[in-house]
Every structure is written in structure tokens, then in C-alpha cells.
>>> print(open('target.csv').read())   # CSV, C-alpha atoms
chain,number,residue,atom,x,y,z
A,1,MET,CA,1.1,-1.0,24.1
A,2,ARG,CA,1.4,0.8,20.8
A,3,ALA,CA,0.7,-2.4,18.7
A,4,ASP,CA,-2.3,-3.5,20.7
A,5,ASN,CA,-4.7,-1.4,18.5
A,6,ILE,CA,-3.2,-2.7,15.2
A,7,GLN,CA,-5.0,-5.4,13.3
A,8,LEU,CA,-3.2,-8.7,12.8
A,9,PRO,CA,-2.1,-8.9,9.2
A,10,LEU,CA,-4.5,-11.4,7.7
A,11,ILE,CA,-2.5,-12.5,4.6
A,12,PRO,CA,-0.1,-14.7,6.8
A,13,ILE,CA,-3.2,-16.3,8.3
A,14,ILE,CA,-4.7,-17.0,4.9
A,15,ASN,CA,-1.3,-18.4,3.8
A,16,GLU,CA,-1.3,-20.8,6.8
A,17,LEU,CA,-4.8,-22.0,5.8
A,18,ILE,CA,-3.5,-22.6,2.2
A,19,ILE,CA,-0.5,-24.6,3.6
A,20,ASN,CA,-2.9,-26.7,5.6
A,21,ASN,CA,-5.1,-27.4,2.6
A,22,PRO,CA,-2.8,-28.7,-0.2
A,23,ASN,CA,-3.6,-27.9,-3.8
A,24,THR,CA,-5.4,-24.7,-2.9
A,25,ILE,CA,-5.2,-22.1,-5.7
A,26,SER,CA,-4.6,-18.6,-4.2
A,27,LEU,CA,-6.6,-15.7,-5.6
A,28,GLY,CA,-5.4,-13.8,-2.6
A,29,GLN,CA,-2.0,-12.0,-2.5
A,30,GLY,CA,-1.4,-9.1,-4.8
A,31,VAL,CA,1.7,-9.9,-6.8
A,32,VAL,CA,2.5,-10.4,-10.5
A,33,PHE,CA,3.5,-13.6,-12.1
A,34,TYR,CA,6.6,-12.3,-13.9
A,35,PRO,CA,10.1,-11.7,-12.6
A,36,PRO,CA,12.3,-8.5,-12.7
A,37,PRO,CA,13.8,-7.6,-16.1
A,38,ASP,CA,17.2,-9.0,-17.1
A,39,GLU,CA,18.7,-5.5,-16.8
A,40,THR,CA,18.1,-5.7,-13.1
A,41,PHE,CA,20.6,-8.5,-12.7
A,42,LYS,CA,23.1,-6.8,-15.0
A,43,GLU,CA,23.2,-3.8,-12.7
A,44,ILE,CA,23.6,-6.2,-9.7
A,45,ASP,CA,26.9,-7.4,-11.3
A,46,LYS,CA,28.0,-3.8,-11.4
A,47,PHE,CA,27.1,-3.4,-7.8
A,48,ALA,CA,29.3,-6.4,-6.9
A,49,ASN,CA,32.3,-5.0,-8.7
A,50,ASN,CA,32.5,-1.9,-6.5
A,51,PRO,CA,33.7,-2.8,-3.0
A,52,ARG,CA,32.6,0.6,-1.7
A,53,ASN,CA,29.0,-0.4,-2.3
A,54,ASN,CA,29.2,-2.4,1.0
A,55,LEU,CA,29.3,1.0,2.9
A,56,TYR,CA,26.3,3.1,3.9
A,57,GLN,CA,25.2,5.5,1.2
A,58,SER,CA,22.9,8.5,0.8
A,59,ILE,CA,19.7,8.6,2.9
A,60,ASN,CA,17.8,9.8,-0.2
A,61,GLY,CA,19.1,7.1,-2.6
A,62,VAL,CA,22.0,6.6,-5.0
A,63,ASN,CA,22.4,9.4,-7.6
A,64,GLU,CA,21.9,7.2,-10.7
A,65,LEU,CA,18.6,5.9,-9.5
A,66,LEU,CA,17.4,9.4,-8.3
A,67,ALA,CA,18.2,10.8,-11.8
A,68,GLU,CA,16.3,7.9,-13.5
A,69,ILE,CA,13.3,8.5,-11.2
A,70,GLU,CA,13.3,12.2,-12.1
A,71,THR,CA,13.2,11.2,-15.8
A,72,LYS,CA,10.4,8.7,-15.2
A,73,LEU,CA,8.3,11.2,-13.3
A,74,ALA,CA,8.4,13.7,-16.2
A,75,ARG,CA,7.8,11.1,-18.9
A,76,ASP,CA,5.1,8.9,-17.3
A,77,ASN,CA,3.5,11.0,-14.6
A,78,LYS,CA,3.8,14.5,-16.1
A,79,ILE,CA,5.4,15.6,-12.8
A,80,ASN,CA,7.9,18.3,-13.6
A,81,TYR,CA,10.2,17.7,-10.6
A,82,SER,CA,12.1,20.8,-9.3
A,83,GLN,CA,14.7,20.5,-6.6
A,84,ASN,CA,13.6,23.9,-5.3
A,85,LYS,CA,10.0,22.7,-4.7
A,86,SER,CA,10.2,19.0,-4.1
A,87,SER,CA,12.5,16.1,-2.9
A,88,ILE,CA,12.7,12.5,-4.0
A,89,PHE,CA,13.4,9.7,-1.5
A,90,VAL,CA,14.0,6.1,-2.4
A,91,THR,CA,12.4,3.9,0.3
A,92,ALA,CA,12.2,0.2,1.3
A,93,GLY,CA,8.9,-0.2,-0.6
A,94,SER,CA,6.0,2.3,-0.8
A,95,ASN,CA,4.7,1.0,2.5
A,96,MET,CA,7.7,2.6,4.1
A,97,ALA,CA,7.2,5.7,2.1
A,98,PHE,CA,3.7,6.0,3.5
A,99,MET,CA,5.0,5.5,7.1
A,100,ASN,CA,7.6,8.2,6.4
A,101,ALA,CA,4.8,10.6,5.2
A,102,VAL,CA,2.6,10.0,8.2
A,103,LEU,CA,5.4,10.5,10.7
A,104,ALA,CA,6.6,13.6,8.9
A,105,ILE,CA,3.2,15.5,8.9
A,106,THR,CA,1.5,14.4,12.1
A,107,ASN,CA,1.6,14.7,15.9
A,108,PRO,CA,0.0,12.0,18.1
A,109,GLU,CA,-3.8,12.1,18.0
A,110,ASP,CA,-3.9,13.8,14.6
A,111,GLU,CA,-6.3,12.5,11.9
A,112,ILE,CA,-5.8,11.1,8.4
A,113,ILE,CA,-8.7,10.4,6.1
A,114,ILE,CA,-8.7,7.1,4.2
A,115,LEU,CA,-11.4,5.9,1.9
A,116,ALA,CA,-13.1,2.6,2.5
A,117,PRO,CA,-12.6,-0.1,1.4
A,118,TYR,CA,-9.1,0.9,2.5
A,119,TYR,CA,-5.6,-0.7,2.1
A,120,PHE,CA,-5.0,-2.3,5.4
A,121,ASN,CA,-1.4,-1.3,5.7
A,122,HIS,CA,-2.3,2.3,5.5
A,123,GLU,CA,-4.8,2.0,8.4
A,124,MET,CA,-2.2,0.1,10.4
A,125,ALA,CA,0.5,2.7,9.8
A,126,ILE,CA,-1.7,5.5,10.9
A,127,ARG,CA,-2.6,3.8,14.2
A,128,LEU,CA,1.1,2.8,14.7
A,129,ALA,CA,1.9,6.5,14.6
A,130,ASN,CA,-0.6,7.1,17.4
A,131,CYS,CA,-2.9,8.9,15.0
A,132,LYS,CA,-6.5,8.3,14.1
A,133,PRO,CA,-7.7,6.9,10.7
A,134,ILE,CA,-10.9,8.6,9.7
A,135,ILE,CA,-12.6,6.1,7.5
A,136,VAL,CA,-14.9,7.7,4.8
A,137,ASP,CA,-17.0,5.4,2.7
A,138,THR,CA,-16.8,5.6,-1.1
A,139,ASN,CA,-19.9,5.6,-3.3
A,140,ASN,CA,-21.7,2.5,-4.6
A,141,GLN,CA,-19.2,2.3,-7.4
A,142,TYR,CA,-16.2,2.6,-4.9
A,143,GLN,CA,-15.4,6.1,-6.2
A,144,PRO,CA,-14.6,9.0,-3.9
A,145,ASP,CA,-17.6,10.8,-2.4
A,146,ILE,CA,-16.3,14.3,-2.2
A,147,GLU,CA,-19.1,15.6,0.1
A,148,ARG,CA,-18.5,12.8,2.6
A,149,ILE,CA,-14.8,13.7,2.5
A,150,ILE,CA,-15.5,17.4,3.2
A,151,ASP,CA,-17.8,16.5,6.1
A,152,ALA,CA,-15.0,14.3,7.6
A,153,ILE,CA,-12.4,17.1,7.8
A,154,THR,CA,-11.8,18.5,11.3
A,155,PRO,CA,-9.1,20.8,12.8
A,156,LYS,CA,-7.1,17.6,13.5
A,157,THR,CA,-7.1,16.5,9.9
A,158,LYS,CA,-3.6,16.4,8.4
A,159,ALA,CA,-4.1,14.5,5.1
A,160,ILE,CA,-6.5,12.7,2.7
A,161,VAL,CA,-5.2,9.5,1.2
A,162,THR,CA,-6.1,8.3,-2.3
A,163,ILE,CA,-5.1,5.0,-4.0
A,164,SER,CA,-5.6,4.9,-7.7
A,165,PRO,CA,-5.7,2.4,-9.4
A,166,ASN,CA,-7.2,1.1,-6.2
A,167,ASN,CA,-6.3,-1.7,-3.8
A,168,PRO,CA,-8.6,-3.5,-3.0
A,169,THR,CA,-11.4,-2.6,-5.4
A,170,GLY,CA,-9.5,-2.2,-8.7
A,171,VAL,CA,-11.3,1.0,-9.6
A,172,VAL,CA,-9.5,3.9,-11.2
A,173,TYR,CA,-10.3,7.4,-9.8
A,174,SER,CA,-11.2,10.0,-12.4
A,175,LYS,CA,-9.0,13.1,-13.0
A,176,LYS,CA,-12.0,15.2,-11.9
A,177,ASP,CA,-12.2,13.6,-8.5
A,178,LEU,CA,-8.5,13.5,-7.9
A,179,LEU,CA,-8.3,17.2,-8.8
A,180,ALA,CA,-11.2,18.0,-6.5
A,181,ILE,CA,-9.5,16.3,-3.6
A,182,ASN,CA,-6.2,17.9,-4.4
A,183,ILE,CA,-7.8,21.4,-4.5
A,184,LEU,CA,-9.7,20.6,-1.3
A,185,CYS,CA,-6.4,19.7,0.4
A,186,LYS,CA,-4.8,23.0,-0.7
A,187,GLU,CA,-7.8,25.0,0.5
A,188,LYS,CA,-7.8,23.3,3.9
A,189,GLY,CA,-4.0,23.5,4.4
A,190,ILE,CA,-3.7,19.7,4.5
A,191,TYR,CA,-1.8,17.1,2.4
A,192,HIS,CA,-2.9,14.9,-0.4
A,193,ILE,CA,-1.1,11.5,-0.1
A,194,SER,CA,-1.4,9.8,-3.4
A,195,ASP,CA,-0.5,6.0,-3.5
A,196,GLU,CA,0.2,5.1,-7.2
A,197,ALA,CA,1.7,1.6,-6.8
A,198,TYR,CA,-0.5,0.3,-9.6
A,199,GLU,CA,0.0,3.2,-12.0
A,200,TYR,CA,0.6,1.1,-15.1
A,201,PHE,CA,-2.2,-1.4,-14.5
A,202,THR,CA,-5.2,0.0,-16.4
A,203,TYR,CA,-7.5,-1.5,-18.9
A,204,ASN,CA,-10.2,-0.5,-21.5
A,205,GLY,CA,-8.3,2.7,-22.4
A,206,ILE,CA,-8.7,4.1,-18.9
A,207,LYS,CA,-5.9,6.5,-17.9
A,208,HIS,CA,-4.2,7.0,-14.6
A,209,TYR,CA,-3.5,10.6,-13.4
A,210,SER,CA,-0.9,11.7,-10.9
A,211,PRO,CA,-2.2,14.5,-8.6
A,212,ALA,CA,1.3,16.0,-8.4
A,213,SER,CA,1.0,16.8,-12.1
A,214,PHE,CA,-1.8,19.3,-11.3
A,215,VAL,CA,-0.9,23.0,-11.3
A,216,ASP,CA,0.2,24.4,-7.9
A,217,SER,CA,0.2,21.0,-6.2
A,218,ASP,CA,3.9,20.9,-5.2
A,219,ASN,CA,3.4,22.3,-1.7
A,220,HIS,CA,0.8,19.9,-0.5
A,221,THR,CA,1.0,16.7,-2.5
A,222,ILE,CA,2.9,13.6,-1.4
A,223,SER,CA,3.3,10.9,-4.1
A,224,LEU,CA,4.1,7.3,-3.4
A,225,PHE,CA,5.4,4.8,-6.0
A,226,SER,CA,6.6,1.2,-6.0
A,227,LEU,CA,8.5,-1.2,-8.2
A,228,SER,CA,7.0,-4.2,-6.5
A,229,LYS,CA,4.1,-4.6,-8.9
A,230,ALA,CA,5.2,-3.2,-12.3
A,231,TYR,CA,8.7,-4.8,-12.2
A,232,GLY,CA,8.1,-8.0,-10.2
A,233,PHE,CA,10.1,-6.5,-7.3
A,234,ALA,CA,8.0,-7.5,-4.4
A,235,SER,CA,10.8,-8.9,-2.2
A,236,TRP,CA,13.4,-6.4,-3.4
A,237,ARG,CA,11.7,-3.7,-1.3
A,238,ILE,CA,12.2,-0.6,-3.4
A,239,GLY,CA,9.7,2.3,-3.7
A,240,TYR,CA,10.1,6.0,-3.8
A,241,MET,CA,8.3,9.2,-2.7
A,242,VAL,CA,8.0,12.7,-4.0
A,243,ILE,CA,7.4,15.2,-1.2
A,244,PRO,CA,7.2,19.0,-0.8
A,245,LYS,CA,10.6,20.6,-0.1
A,246,HIS,CA,9.6,21.7,3.3
A,247,LEU,CA,9.2,18.1,4.5
A,248,GLU,CA,12.7,17.1,3.4
A,249,MET,CA,14.4,17.4,6.7
A,250,ALA,CA,11.6,15.6,8.6
A,251,VAL,CA,11.7,12.7,6.2
A,252,LYS,CA,15.5,12.6,6.3
A,253,LYS,CA,15.4,12.3,10.1
A,254,ILE,CA,12.8,9.5,9.9
A,255,GLN,CA,14.5,7.5,7.2
A,256,ASP,CA,17.9,7.8,8.8
A,257,THR,CA,16.5,6.6,12.1
A,258,ILE,CA,14.6,3.6,10.7
A,259,LEU,CA,16.6,2.6,7.6
A,260,ILE,CA,19.8,4.7,7.4
A,261,CYS,CA,19.7,4.2,3.6
A,262,PRO,CA,17.6,2.0,1.2
A,263,PRO,CA,19.3,-1.3,0.4
A,264,VAL,CA,21.9,-0.3,-2.2
A,265,ILE,CA,22.0,-3.7,-4.0
A,266,SER,CA,18.2,-3.3,-4.6
A,267,GLN,CA,18.7,0.3,-5.7
A,268,TYR,CA,21.1,-0.9,-8.4
A,269,GLY,CA,18.5,-3.4,-9.5
A,270,ALA,CA,15.8,-0.8,-9.6
A,271,TYR,CA,18.0,1.5,-11.7
A,272,GLY,CA,18.2,-1.3,-14.3
A,273,ALA,CA,14.5,-1.8,-14.2
A,274,LEU,CA,13.6,1.9,-14.6
A,275,LYS,CA,16.0,2.2,-17.5
A,276,ILE,CA,13.8,-0.3,-19.4
A,277,GLY,CA,10.7,1.6,-18.2
A,278,LYS,CA,7.0,0.9,-18.3
A,279,ASN,CA,7.1,-1.1,-21.5
A,280,TYR,CA,8.4,-4.0,-19.5
A,281,CYS,CA,5.2,-4.1,-17.4
A,282,GLN,CA,2.9,-3.3,-20.3
A,283,LYS,CA,4.1,-6.3,-22.4
A,284,TYR,CA,2.6,-8.5,-19.7
A,285,LEU,CA,-0.7,-6.5,-19.4
A,286,LEU,CA,-2.3,-8.4,-22.3
A,287,GLN,CA,-1.9,-11.7,-20.4
A,288,ILE,CA,-3.1,-10.2,-17.2
A,289,ASN,CA,-6.1,-8.7,-18.9
A,290,GLN,CA,-7.0,-12.1,-20.5
A,291,VAL,CA,-7.1,-13.5,-16.9
A,292,ARG,CA,-9.2,-10.5,-15.8
A,293,GLU,CA,-11.7,-11.0,-18.6
A,294,LYS,CA,-12.0,-14.8,-17.8
A,295,MET,CA,-12.7,-13.9,-14.1
A,296,LEU,CA,-15.4,-11.4,-15.1
A,297,ASP,CA,-17.0,-13.8,-17.5
A,298,SER,CA,-17.1,-16.5,-14.9
A,299,LEU,CA,-18.5,-14.3,-12.1
A,300,ALA,CA,-21.2,-13.0,-14.5
A,301,LYS,CA,-22.8,-16.4,-14.1
A,302,ILE,CA,-23.6,-15.7,-10.4
A,303,THR,CA,-24.9,-12.2,-10.5
A,304,ASP,CA,-27.8,-13.3,-8.4
A,305,ILE,CA,-25.5,-13.8,-5.4
A,306,CYS,CA,-22.5,-11.6,-6.2
A,307,GLU,CA,-21.9,-8.0,-7.3
A,308,VAL,CA,-18.5,-7.3,-8.9
A,309,SER,CA,-16.7,-3.9,-8.7
A,310,LYS,CA,-16.3,-2.1,-12.0
A,311,SER,CA,-12.6,-2.8,-12.1
A,312,ASP,CA,-10.5,-1.0,-14.7
A,313,GLY,CA,-7.2,-1.0,-12.9
A,314,ALA,CA,-4.7,-2.8,-10.6
A,315,PHE,CA,-5.3,-6.6,-10.6
A,316,TYR,CA,-8.2,-6.9,-8.2
A,317,LEU,CA,-11.9,-7.5,-8.2
A,318,PHE,CA,-14.0,-6.7,-5.2
A,319,LEU,CA,-17.0,-8.9,-4.7
A,320,LYS,CA,-20.1,-8.0,-2.7
A,321,ILE,CA,-21.8,-11.2,-1.6
A,322,LYS,CA,-25.5,-11.1,-1.1
A,323,SER,CA,-25.4,-12.9,2.2
A,324,GLU,CA,-25.1,-12.2,5.9
A,325,ILE,CA,-22.3,-14.7,6.3
A,326,ASN,CA,-19.0,-13.4,7.9
A,327,SER,CA,-16.5,-12.8,5.1
A,328,PHE,CA,-13.6,-14.6,7.0
A,329,GLU,CA,-15.8,-17.6,7.7
A,330,LEU,CA,-16.7,-17.7,4.0
A,331,THR,CA,-13.1,-17.4,3.0
A,332,LYS,CA,-12.2,-20.3,5.4
A,333,LYS,CA,-14.9,-22.5,3.9
A,334,LEU,CA,-13.8,-21.7,0.4
A,335,ILE,CA,-10.2,-22.8,1.2
A,336,GLU,CA,-11.1,-25.9,3.2
A,337,ASN,CA,-13.9,-27.2,1.0
A,338,TYR,CA,-13.2,-25.8,-2.5
A,339,ARG,CA,-9.4,-25.3,-2.4
A,340,VAL,CA,-9.5,-21.6,-3.5
A,341,ALA,CA,-8.3,-18.7,-1.4
A,342,VAL,CA,-9.4,-15.0,-1.4
A,343,ILE,CA,-9.1,-12.2,1.1
A,344,PRO,CA,-12.1,-11.3,3.3
A,345,GLY,CA,-13.5,-7.8,3.1
A,346,THR,CA,-13.0,-7.3,6.9
A,347,THR,CA,-9.3,-6.9,6.2
A,348,PHE,CA,-10.1,-3.7,4.2
A,349,GLY,CA,-12.5,-2.2,6.8
A,350,VAL,CA,-15.8,-3.7,5.4
A,351,GLU,CA,-17.6,-4.9,8.5
A,352,ASN,CA,-21.3,-4.4,7.7
A,353,LYS,CA,-21.5,-6.6,4.6
A,354,CYS,CA,-19.8,-9.7,3.1
A,355,CYS,CA,-17.1,-8.8,0.6
A,356,LEU,CA,-14.1,-10.6,-0.9
A,357,ARG,CA,-11.1,-9.4,-2.7
A,358,VAL,CA,-10.0,-11.5,-5.7
A,359,ALA,CA,-6.5,-11.0,-7.1
A,360,TYR,CA,-5.6,-12.1,-10.6
A,361,GLY,CA,-2.1,-10.9,-11.3
A,362,ALA,CA,-0.1,-13.8,-10.0
A,363,LEU,CA,-1.5,-16.7,-12.1
A,364,ASN,CA,-1.3,-17.9,-15.7
A,365,TYR,CA,-4.6,-18.2,-17.6
A,366,ASP,CA,-5.1,-22.0,-17.1
A,367,THR,CA,-4.5,-21.9,-13.3
A,368,ALA,CA,-6.6,-18.8,-12.9
A,369,SER,CA,-9.4,-20.5,-14.8
A,370,ILE,CA,-9.4,-23.4,-12.5
A,371,GLY,CA,-9.3,-21.1,-9.5
A,372,ILE,CA,-12.2,-18.9,-10.6
A,373,ASN,CA,-14.3,-22.0,-11.5
A,374,ARG,CA,-13.7,-23.3,-7.9
A,375,LEU,CA,-14.7,-19.9,-6.5
A,376,VAL,CA,-17.9,-19.8,-8.6
A,377,GLU,CA,-18.8,-23.3,-7.6
A,378,GLY,CA,-18.1,-22.6,-3.9
A,379,LEU,CA,-20.1,-19.4,-3.8
A,380,SER,CA,-23.0,-21.1,-5.6
A,381,GLN,CA,-23.1,-23.9,-3.1
A,382,LEU,CA,-22.4,-21.9,0.1
A,383,ILE,CA,-24.6,-18.9,-0.5
A,384,GLU,CA,-28.4,-19.3,-0.3
A,385,VAL,CA,-30.3,-17.0,-2.7
>>> encode(input="target.csv", output="C-alpha cells")
Amino acid sequence: MRADNIQLPLIPIINELIINNPNTISLGQGVVFYPPPDETFKEIDKFANNPRNNLYQSINGVNELLAEIETKLARDNKINYSQNKSSIFVTAGSNMAFMNAVLAITNPEDEIIILAPYYFNHEMAIRLANCKPIIVDTNNQYQPDIERIIDAITPKTKAIVTISPNNPTGVVYSKKDLLAINILCKEKGIYHISDEAYEYFTYNGIKHYSPASFVDSDNHTISLFSLSKAYGFASWRIGYMVIPKHLEMAVKKIQDTILICPPVISQYGAYGALKIGKNYCQKYLLQINQVREKMLDSLAKITDICEVSKSDGAFYLFLKIKSEINSFELTKKLIENYRVAVIPGTTFGVENKCCLRVAYGALNYDTASIGINRLVEGLSQLIEV
């Protein structure tokens, strides 16, 4: 069956282990600690006052939200949206946007290049569409290796996927590398799918760049965005995508079949959030960065057994453990014996070495400090130098 080749989502398994081991601190799931802005709920009241909002609405999204997205793209991403060249679709989260994109541009057995360590839902979506994920390793700093990407392109290749800031490594791709990939896609007649869910989460003065802002990128760039992280919208399931105009009808068919229209009540909430804008997220970045620095300081004590990714974005650290131990077995021992949870690297396609993803966006400083201390203690005692 179609689902037989899809990996089992590991986060629910980790959550079950956490439930079975009370008082475990989770450094696992990638969410933020703060709620949506108040303006979200004010717009929900407006939704409730219009009885017609209980009916199906536009496949693309409600007009007010689409207009606010257009403003945001110009202001924050330097994407000059034109209805003649591109289309915007509101989706039920950016995972749905990715699935829309894959279904719109591929036939069964086509190939899509993803960079390892990869975001597991991307790999799963590609397989679910009866396509083949071509996994290309990044370099030793988890940055794109352009030559390896070039070597991986075949006549069946339909797209190259980038995630910046990155999940799971936390690295931010340079403008130079993103531009090189974007130009490569144009030259090869394939698409550049750019996942920008963590666009506002950067540190140390590092900037995020949107490939769709590059000159002559409209016709081959698919941009994916999410409110889940920046606005504390994880369960509201609202994302959006910017696609070349020629894909509009294909995505319309797919979205109408799967979703009909994005949840209208969530769209009203999203409109309220986007009106406030990125300042809402950025006011919390100082606290998140303090937790990040605490984690880095603590992990610096065990450099003999652990290498940490140079993370300037998102809210993840990717640890390479100097051991042959299986990463899931190590994760299980950390939960059961030290009451701290992480996500094993096998989830992200890392099979030949022991890696762990540590998430730090969901916790306050004090709880995160206890969690990272448990992790350092656990790794120190479980890993033989």
C-alpha cells in the first residue's frame, strides 16, 4: 500500500515515552512558548458575528488575509508579488503547502532533491506522492554542497528543496548558496521549493533571504510560509504558499480536493496576527536567544563527546555524538534514566552516525536550564570517550 514506505512519525513515539516517564523535560518538539497575539482573538469575534462565515469560502483564502500576506511579502521578504506572475494560496499549515507543491509539479516516479539532515515530513510527503526523495548530504557545517546537488540532478528531477533557517540543524543558508541553487533550478528547468517557516528566528545579526526575491525567480520558485512558529499558531493550521502563475490551476484542483478551503476561523485569526507583524515574534526572540546561549554554554563542557551545529537560526541545535550508539536507543535511555527528551537523528535521515536534535523554543529559561543540565549529565555518563 501507498503508506507502507512512509516512516512512522517519531514525535508521537517520543511523546509516549515522555508520558510513561513523568517529570521528563522535553527538548524535542519544535514549538514556541508564547501564545498568539491578542489581535488574533479580536478577529475571531468578528468571524463569529458574520453568520455567512459558516459557509465554504474561496479556495485560495479570504480576501483580507490574502491582501495582508501580499503586504507582508513585500515588506519582510522583498518579494514583489504580481498577480500576473504568481499566485498566493492560504493552506492548512506549510506542510500542506509542501504537499500541494509536490502533487502539482510531479508525476509518479519523479524525483525531488532534499538536503540531509532533512525535515522528515518533506521526505514522507514525497514518498506519499509516489515520488522518490533524492537525499543529498550537506557539508560538515550543514550548509548546501552545490556540487553534490548538481551531481544528483537527473532527467526525472522536478525540484530542489531548501529550508532556511533550517530544521533540524538550525543553520541559516547564505544568500550566495540560495542564489546558486535558484539559478541552477532555472537553468535545469526545475523548481526551487523554499521552506521559510522559521524566517524570523535568526541570531547574531544573521539575515534570512527569500529566494523568490531574486531577479527572474517568479517562474520557478515556490515559497512556503507558516504562522505556526512566529505567531504561536501551531494548532491553528495556517500557512501559505507563493507559486508561479502557471501552477495556479493545478494547486486549485489539489486544494479543492483535499481541503475545499482553509479553515475560515483560523484565517480570521491569522489576519489579526499578520496585521501586528513580525514585531510580535521578535519581542520574544531575546528570551529564546538567552535559552539558546545557555544551551550552547552547557554543551561546550562536553566537546570531547559532542559536536554542536553552528546554529544561527530557528530554535534547534543538532548534536553529533562521538559514539556508535544508535540515536533512538540513546534517546530512550536519556528519557528513562535522566528525564530529558530529544529527537534522534535517524528521524532526519542520519543513519551512519549518532545525532540528536535539541529544540529550545518551547521552554522558559529555568526549565530549559534544568533540561540541558540533565542532557549534559546523561551524555557524559552514557557515552564512553
>>> closest_residue(input="target.csv", among="A:Leu299, A:His246, A:Ala180, A:Ile14", to="Phe328 in chain A", atoms="only C-alpha atoms")
A:Ile14
>>> closest_atom_pairs(input="target.csv", of="range 146-259 of chain A", to="range 65-78 of chain A", cutoff="10 Å", atoms="all atoms listed in the file", output="CSV")
residue,atom,partner,partner_atom,distance
A:Glu199,CA,A:Asn77,CA,8.9
A:Tyr200,CA,A:Asp76,CA,9.3
A:His208,CA,A:Asn77,CA,8.7
A:Tyr209,CA,A:Asn77,CA,7.1
A:Ser210,CA,A:Asn77,CA,5.8
A:Pro211,CA,A:Asn77,CA,9.0
A:Ala212,CA,A:Lys78,CA,8.2
A:Ser213,CA,A:Lys78,CA,5.4
A:Phe214,CA,A:Lys78,CA,8.8
A:Tyr240,CA,A:Ile69,CA,8.4
A:Met241,CA,A:Ile69,CA,9.9
A:Val242,CA,A:Leu73,CA,9.4
>>> write_last_selection(input="target.csv", atoms="C-alpha atoms", output="tab-separated table (two decimals), in the frame of the given file")
chain	number	residue	atom	x	y	z
A	199	GLU	CA	0.00	3.20	-12.00
A	200	TYR	CA	0.60	1.10	-15.10
A	208	HIS	CA	-4.20	7.00	-14.60
A	209	TYR	CA	-3.50	10.60	-13.40
A	210	SER	CA	-0.90	11.70	-10.90
A	211	PRO	CA	-2.20	14.50	-8.60
A	212	ALA	CA	1.30	16.00	-8.40
A	213	SER	CA	1.00	16.80	-12.10
A	214	PHE	CA	-1.80	19.30	-11.30
A	240	TYR	CA	10.10	6.00	-3.80
A	241	MET	CA	8.30	9.20	-2.70
A	242	VAL	CA	8.00	12.70	-4.00
>>> atom_distance(input="target.csv", atom1="CA of Ala92 in chain A", atom2="CA of Trp236 in chain A")
8.2 Å
>>> closest_residue(input="target.csv", among="A:Ala368, A:Val308, A:Ile59, A:Ile343", to="Ile258 in chain A", atoms="all atoms listed in the file")
A:Ile59
>>> residues_around(input="target.csv", residues="Glu111 in chain A", least_positions_apart="5", cutoff="12 Å", atoms="all atoms listed in the file", output="list in words")
Val102, Leu103, Ile105, Thr106, Glu123, Ile126, Arg127, Ala129, Asn130, Cys131, Lys132, Pro133, Ile134, Ile135, Ala152, Ile153, Thr154, Pro155, Lys156, Thr157, Lys158, Ala159, Ile160, Val161, Ile190 and Tyr191 of chain A
>>> atom_distance(input="target.csv", atom1="CA of Thr303 in chain A", atom2="CA of Lys320 in chain A")
10.1 Å
>>> residues_near_point(input="target.csv", point="(-19.3, 16.4, 0.0)", cutoff="12 Å", atoms="only C-alpha atoms", output="ChimeraX atom specification")
/A:136-139,144-153,177,180-181,184
>>> decode(input="target.csv", residues="range 18-34 of chain A", atoms="C-alpha atoms", output="PDB file, in the first residue's frame")
ATOM      1  CA  ILE A  18       7.606  11.106  27.975  1.00  0.00           C
ATOM      2  CA  ILE A  19       4.131  10.237  29.310  1.00  0.00           C
ATOM      3  CA  ASN A  20       5.452   6.932  30.659  1.00  0.00           C
ATOM      4  CA  ASN A  21       8.329   8.725  32.412  1.00  0.00           C
ATOM      5  CA  PRO A  22       6.778  11.524  34.488  1.00  0.00           C
ATOM      6  CA  ASN A  23       8.672  14.786  35.060  1.00  0.00           C
ATOM      7  CA  THR A  24      10.586  14.426  31.805  1.00  0.00           C
ATOM      8  CA  ILE A  25      11.592  17.779  30.317  1.00  0.00           C
ATOM      9  CA  SER A  26      11.129  17.779  26.557  1.00  0.00           C
ATOM     10  CA  LEU A  27      13.791  19.331  24.356  1.00  0.00           C
ATOM     11  CA  GLY A  28      12.060  17.602  21.471  1.00  0.00           C
ATOM     12  CA  GLN A  29       9.106  19.194  19.733  1.00  0.00           C
ATOM     13  CA  GLY A  30       9.637  22.388  17.742  1.00  0.00           C
ATOM     14  CA  VAL A  31       7.100  24.863  19.096  1.00  0.00           C
ATOM     15  CA  VAL A  32       7.332  28.251  20.808  1.00  0.00           C
ATOM     16  CA  PHE A  33       6.435  29.008  24.404  1.00  0.00           C
ATOM     17  CA  TYR A  34       4.219  32.020  23.687  1.00  0.00           C
TER      18      TYR A  34
END
